[in-house]
Amino acid sequence: MKYAYASRMGHVEGIVKTLGLDALKIADGSEKIDGDYVLFTYTDGKGIVPKAVEAFLAANPGIKAVVGSGSMERHADTFNFAADKIAEKYNVPILAKVDLDGTDEDLENIRTKLAAI
C-alpha cells in the first residue's frame, strides 16, 4: 500500500514519520501517485478539505482509506470534518480521527488498521 499526506502544522507529518511510512507529501495537489493509497490529512478552516488535497484527490483516484488529524481544543465543532467529507465523497473508510499528533494508542490503532488493508 502507498501513502500520501498533507500537513500544515506538522501534526500529520509527525504521525506519518512516527509510523515509519514512506509517504508522498502533498504540497500543492499536483503530485502523482500510482495505484492504491491511504491519505493522511488535516482539516482546513471550519471543516474544509484543504485545496491541495482536493486537487490531489481529483488527479489520483486510488484512495482506499483516510486518516484525519485535527485539534479538538481549537475546532471541536468541525473536528476532522475533512476526513468525514473525503470518506463520504470517495466512499472509503476513515481509519482514524486523531487529536493533533495522536496518542500512542491512536498510532497503534492506525498501525493495526493499515496492516489489515
# chains A, B, ... in the order shown; residues from 1 in each chain; ligands from 1

$ residues_around --residues "Phe79 (chain A)" --least-positions-apart "2" --cutoff "9 Å" --atoms "only C-alpha atoms" --output "PyMOL selection string"
chain A and resi 43+46-47+69-72+74-77+81-82+97+99

$ residues_around --residues "Lys51 (chain A)" --least-positions-apart "3" --cutoff "8 Å" --atoms "only C-alpha atoms" --output "ChimeraX atom specification"
/A:29,54-55

$ closest_atom_pairs --of "region 70-117 of chain A" --to "region 61-64 of chain A" --cutoff "9 Å" --atoms "only C-alpha atoms" --output "JSON lines"
{"residue": "A:Tyr90", "atom": "CA", "partner": "A:Ile63", "partner_atom": "CA", "distance": 7.6}
{"residue": "A:Asn91", "atom": "CA", "partner": "A:Lys64", "partner_atom": "CA", "distance": 8.6}
{"residue": "A:Val92", "atom": "CA", "partner": "A:Lys64", "partner_atom": "CA", "distance": 5.7}
{"residue": "A:Pro93", "atom": "CA", "partner": "A:Lys64", "partner_atom": "CA", "distance": 7.4}
{"residue": "A:Ile117", "atom": "CA", "partner": "A:Lys64", "partner_atom": "CA", "distance": 8.7}

$ closest_residue --among "A:Glu105, A:Asp28, A:Glu88, A:Asp36" --to "Lys2 (chain A)" --atoms "only C-alpha atoms"
A:Asp36

$ residues_around --residues "Ile110 (chain A)" --least-positions-apart "6" --cutoff "9 Å" --atoms "only C-alpha atoms" --output "ChimeraX atom specification"
/A:19,67,95-96

$ atom_distance --atom1 "CA of Gly102 (chain A)" --atom2 "CA of Tyr5 (chain A)"
15.3 Å

$ atom_distance --atom1 "CA of Ala4 (chain A)" --atom2 "CA of Ile33 (chain A)"
8.1 Å

$ select_by_dssp --residues "chain A" --states "helix (DSSP H, G or I)" --output "ChimeraX atom specification"
/A:11-18,51-59,72-78,81-90,104-116

$ select_by_dssp --residues "chain A" --states "strand (DSSP E)" --output "CSV table (one decimal) with C-alpha atoms, in the first residue's frame"
chain,number,residue,atom,x,y,z
A,2,LYS,CA,1.1,3.5,-0.7
A,3,TYR,CA,0.6,6.6,1.4
A,4,ALA,CA,0.1,10.3,0.8
A,5,TYR,CA,-0.2,13.1,3.3
A,23,ALA,CA,4.7,8.6,2.1
A,24,LEU,CA,4.3,11.2,-0.6
A,25,LYS,CA,4.0,14.7,0.7
A,37,TYR,CA,-3.1,4.6,-1.3
A,38,VAL,CA,-4.2,5.7,2.1
A,39,LEU,CA,-4.5,9.5,2.6
A,40,PHE,CA,-3.5,11.3,5.8
A,41,THR,CA,-4.8,14.9,6.1
A,42,TYR,CA,-5.8,17.8,8.3
A,63,ILE,CA,-7.7,6.4,-2.5
A,64,LYS,CA,-8.7,3.4,-0.3
A,65,ALA,CA,-8.9,5.0,3.2
A,66,VAL,CA,-8.3,8.2,5.1
A,67,VAL,CA,-6.8,9.2,8.4
A,68,GLY,CA,-7.6,12.7,9.8
A,69,SER,CA,-5.8,14.8,12.3
A,70,GLY,CA,-7.2,17.9,13.9
A,94,ILE,CA,-11.9,6.5,7.9
A,95,LEU,CA,-9.2,4.6,9.7
A,96,ALA,CA,-8.8,7.1,12.4
A,97,LYS,CA,-9.6,10.6,13.5
A,98,VAL,CA,-6.9,11.8,15.9
A,99,ASP,CA,-6.3,14.9,18.0

$ closest_residue --among "A:Ile26, A:Met9, A:Ala87, A:Ala115" --to "Asn60 (chain A)" --atoms "only C-alpha atoms"
A:Ile26

$ closest_residue --among "A:Asp101, A:Asp84, A:Asp44, A:Glu31" --to "Leu57 (chain A)" --atoms "only C-alpha atoms"
A:Glu31

$ closest_residue --among "A:Ala52, A:Leu114, A:Ala27, A:Ala83" --to "Glu13 (chain A)" --atoms "only C-alpha atoms"
A:Ala27

$ atom_distance --atom1 "CA of Thr103 (chain A)" --atom2 "CA of Ser7 (chain A)"
17.5 Å

$ closest_residue --among "A:Leu21, A:Leu100, A:Val49, A:Ala58" --to "Met1 (chain A)" --atoms "only C-alpha atoms"
A:Leu21
